[in-house]
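Participant: Input: one structure, supplied below.
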Amino acid sequence: MKKFIQLILASSIASATLSGCDKKMEAAESAQTQSNTEVAVEASVEGMSGKLVIYQVMTRLFGNTNATNKPWGTIEENGVGKFSDFTPKALQEIRNLGADYIWYTGALHHAVVRDYTEFGIANDDPDVVKGRAGSPYAIKDYYSVNPDLANDPSKRLEEFKALLERSHAAGLKVIIDIVPNHVARNYQSLAKPEGVRDFGADDDSSVAYARDNNFYYVPGEPFQVPVATDGYQPLNGEAHALVDGEFEEVPAKWTGNGSRAPQPQQGDWYETVKINFGVRPDGSYDFAKLPADYAQKDFRAHAAFWAEQDVPDSWKKFRQITDYWLAFGVDGFRYDMSGMVPVEFWSYLNSSIKMQKADALLLAEIYQPKLYRDYIHLGKMDYLYDKVGTYDAIRAVMEGKAGTDPLVEIQESLSGIEDNMLRFMENHDEQRIASPEFAGNPQAGIPAMVVSATVSGAPTLIYFGQELGEPGDGDAGFGKTSRTTIFDYWSVPSIRRWHNEGQFNSEQLSAGEQSLRDFYRELLTFSSQSAALSGEYLDLHRHNRAQGENYSDKLYSFARWAGDDRLLVVANFAGSDSAVDLAVPSDLIKRWQLAPGKYTLTNQLQEGTLKQGTVELVVADDLSASVALTAPALSGQILKLQH
């Protein structure tokens with residue numbers, strides 16, 4: 001075992017290592033006393049505790065102070081942010097907001113409509129690029145970063161390395177995207193280490209499928225650009241040498257979302273091609289199946305299992321990629337559309353990552369609840385998106401389409417994995433809270449965020465500008481109003497004001513923006529420091545719907561505690577104040593070991609919510625209990641029991 005562990009951890013992932021990293025790892029043959037190496041790994045794994053905050057930022061937009069914002073504008077017209085815009089001051093302010101991690105969305109080199117041929121980079125065809133700045137999820141070179149983001153594109157990797165170092169100096173760990181399901185149609189790595197082969201370089205394209213092909217093919221059929229719908233034209237009709245309705249790809253490859261047609265539809269992910277992970281066209285698997293009992297085994301056992309298996313070539317290529325970025329200094333990965341990739345691959349990849357960096361944060365975008373437990377236990381993910389459960393349910397309340405009752409069953413359905421479910425109310429795929437298409441009011445995010453940030457011990461994600469009430473308005477071109485564009489050269493008005501010529505302060509913010517940011521800072525800082533939020537949970541909502549006075553389905557409540565740190569959380573999603581006698585079940589009073597009497601509860605949030613300081617918990621002789629309180633409109637309260 002000692003030799004096996006040391007072999008993996010000693011990998012520096014230099015180019016020489018990368019060229020040989022496809023070799024089988026030496027498997028453990030006998031149980032031994034744990035070596036110092038194993039003990040260090042154990043300590044690192046055990047140290048992955050506490051409630052984390054992830055700050056997601058669209059890298060190209062963050063530092064752009066150009067206010068032109070012309071639809072379909074060029075870099076020259078609209079400007080673009082740079083790695084260097086993340087100054088020590090900016091990063092420290094993000095850290096002060098409560099963030100532990102920063103997710104640099106769009107950092108990797110993806111397809112863009114801009115001429116970088118002087119740096120050896122082939123031009124991308126606008127016929128198969130979404131927007132002018134391109135989709136961050138159409139990766140063109142996995143071993144490099146977006147040249148748009150560098151002051152000197154020839155030194156873009158050095159500039160990104162410096163950004164990582166500044167981030168770490170500010171106390172922030174760094175996440176980047178890995179997009180295993182698909183790559184750009186024009187994938188070509190200029191920066192790949194010696195020994196690494198490009199995706200598709202060794203494929204047999206005469207067949208639709210072969211296990212070690214990286215892509216799927218439509219033999220004998222050329223790719224055809226989708227027929228445009230709704231008046232769409234690449235670059236909005238601007239003349240361009242490559243805009244001719246054609247893109248040479250013979251034979252055609254399957255499109256990223258799984259379309260097998262040589263001519264995908266406009267709504268397909270036509271800018272990308274799907275990666276083959278050894279899944280035959282009929283859906284059957286062409287690789288070893290992970291035994292079910294491995295759900296109870298740790299990442300070391302998973303790594304040892306795969307060391308004995310022959311795996312598809314695409315698996316190896318993605319391990320080379322994550323090896324490279326771990327050695328480069330990143331601290332974790334957000335995996336795009338993870339549910340479209342077999343769980344066995346995730347076991348293989350994530351166990352390899354954990355063997356090298358046990359505290360690497362691994363976050364999966366996934367929308368299939370039936371797969372959640374497999375992707376956590378078998379796939380060795382740390383965290384999954386809680387989108388189709390908690391996010392969708394809270395959003396329905398905010399939009400007046402539903403009450404809070406469904407939240408009870410959703411939390412019950414996540415029992416045992418609740419601390420693995422990332423909570424968020426905004427990200428790059430979702431509409432901004434303040435947009436008219438969503439809530440139309442940033443204050444509506446207050447009760448939502450209080451619930452989202454306290455209902456479990458899982459990390460909280462916020463999207464840059466969310467803390468300022470950014471509405472995401474303005475037609476950017478390919479990216480449409482209500483979602484801050486990820487496809488266009490653009491700038492974000494609220495972030496520009498906060499940027500304030502590099503001062504990153506509140507001088508240009510409105511009173512409402514300042515207050516909202518103070519609320520986010522207070523909530524996120526509290527959540528990261530509270531032992532209770534990583535402790536026990538008891539729903540109070542169902543009890544109060546049955547017994548509480550004036551308790552409506554616009555309210556939501558629960559208890560959190562660990563030792564003497566005891567909290568009652570009450571959120572009011574209604575647009576009016578609510579006076580309520582919160583009923584506290586005797587079961588909780590017993591668990592908290594409270595005798596009959598009166599106890600003081602102090603609100604931990606004083607920004608953007610309840611201004612009164614304390615309320616009373618009254619425990620009767622039969623241990624029934626209640627709290628008389630006012631829940632202001634669009635508020636969240638975290639009431640802490642005082643000793």
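Chain lettering (A, B, ...) mirrors the order of the structure tokens, residue numbering begins at 1 for each chain separately, and ligand numbering begins at 1 in order of display.
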With the cut-off set at 10 Å and counting only C-alpha atoms, tabulate each residue of range 484-600 of chain A with an atom at most that distance from an atom of range 377-398 of chain A, showing the nearest atom pair and its distance in Å to one decimal, ordered by chain and increasing number, as JSON lines.

Facilitator:
{"residue": "A:Asp553", "atom": "CA", "partner": "A:Val397", "partner_atom": "CA", "distance": 9.0}
{"residue": "A:Lys554", "atom": "CA", "partner": "A:Val397", "partner_atom": "CA", "distance": 7.3}
{"residue": "A:Leu555", "atom": "CA", "partner": "A:Val397", "partner_atom": "CA", "distance": 9.8}
{"residue": "A:Phe573", "atom": "CA", "partner": "A:Met398", "partner_atom": "CA", "distance": 6.6}
{"residue": "A:Ala574", "atom": "CA", "partner": "A:Met398", "partner_atom": "CA", "distance": 8.3}
{"residue": "A:Gly575", "atom": "CA", "partner": "A:Met398", "partner_atom": "CA", "distance": 9.8}

Participant: Using only C-alpha atoms, which protein or nucleic acid residues come within 12 Å of Thr229 in chain A? Drop anything in the same chain fewer than 5 positions from it, and give the result as a list in words.

Facilitator: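 In the requested format, the answer is Pro234, Gln265, Gln266, Gly267 and Asp268 of chain A.
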
Participant: Those selected residues, please, written with N, CA and C atoms and delivered as a PDB file, in the first residue's frame.

Facilitator:
ATOM      1  N   PRO A 234     -24.684  34.654 -37.832  1.00  0.00           N
ATOM      2  CA  PRO A 234     -23.426  34.774 -37.100  1.00  0.00           C
ATOM      3  C   PRO A 234     -22.935  36.217 -37.112  1.00  0.00           C
ATOM      4  N   GLN A 265     -29.496  20.820 -35.276  1.00  0.00           N
ATOM      5  CA  GLN A 265     -30.463  21.909 -35.250  1.00  0.00           C
ATOM      6  C   GLN A 265     -29.832  23.157 -34.618  1.00  0.00           C
ATOM      7  N   GLN A 266     -30.443  24.294 -34.874  1.00  0.00           N
ATOM      8  CA  GLN A 266     -29.950  25.543 -34.297  1.00  0.00           C
ATOM      9  C   GLN A 266     -29.930  25.479 -32.767  1.00  0.00           C
ATOM     10  N   GLY A 267     -30.871  24.759 -32.190  1.00  0.00           N
ATOM     11  CA  GLY A 267     -30.932  24.661 -30.739  1.00  0.00           C
ATOM     12  C   GLY A 267     -29.993  23.648 -30.142  1.00  0.00           C
ATOM     13  N   ASP A 268     -29.318  22.858 -30.963  1.00  0.00           N
ATOM     14  CA  ASP A 268     -28.335  21.902 -30.457  1.00  0.00           C
ATOM     15  C   ASP A 268     -27.043  22.618 -30.068  1.00  0.00           C
TER      16      ASP A 268
END

Participant: For Asn276 in chain A, which residue among A:Ala239, A:Asp244, A:Asn181, A:Ala358 is the nearest when counting only C-alpha atoms?

Facilitator: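 Ranking A:Ala239, A:Asp244, A:Asn181, A:Ala358 by distance to Asn276 in chain A, first place goes to A:Asn181.
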
Participant: Go through A:Thr460, A:Ser494, A:Asn420, A:Asn64 one by one, measure the shortest atom-to-atom distance of each to Arg517 in chain A using only C-alpha atoms, and give the residue with the smallest value.

Facilitator: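 Closest to Arg517 in chain A, using only C-alpha atoms: A:Ser494.
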
Participant: What are the DSSP alpha helix (DSSP H) residues of range 552-617 of chain A, as JSON, numbers by chain?

Facilitator: {"A": [586, 587, 588, 589, 590, 591]}

Participant: If you take only C-alpha atoms and a cut-off of 7 Å, which residues of range 150-265 of chain A touch range 333-341 of chain A, and what are their nearest atom pairs and distances in Å to one decimal, in chain and number order, as a tab-separated table?

Facilitator:
residue	atom	partner	partner_atom	distance
A:Ile175	CA	A:Phe333	CA	5.1
A:Ile176	CA	A:Phe333	CA	5.2
A:Asp177	CA	A:Arg334	CA	4.8
A:Ile178	CA	A:Tyr335	CA	5.0
A:Val179	CA	A:Asp336	CA	4.9
A:Asn181	CA	A:Val341	CA	6.3

Participant: Can you tell me how far CA of Thr485 in chain A sits from CA of Gln56 in chain A, in Å to one decimal?

Facilitator: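 About the pair CA of Thr485 in chain A and CA of Gln56 in chain A: they are 13.9 Å apart.
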
Participant: Hey, what does DSSP flag as strand (DSSP E) within range 83-289 of chain A? Can you give it to me as a ChimeraX atom specification?

Facilitator: /A:101-105,108-110,139-145,173-178,182-184,217-218,252-253,272-274

Participant: Which residues are close to Asp203 in chain A, i.e. within 7 Å by only C-alpha atoms, leaving aside same-chain residues fewer than 2 positions away? Reply as number ranges by chain.

Facilitator: A: 200-201, 205, 213-214

Participant: Excluding same-chain residues fewer than 2 positions from Thr68 in chain A, what lies within 8 Å of it counting only C-alpha atoms, as an MDAnalysis selection string?

Facilitator: chainID A and resid 66 70 77:78
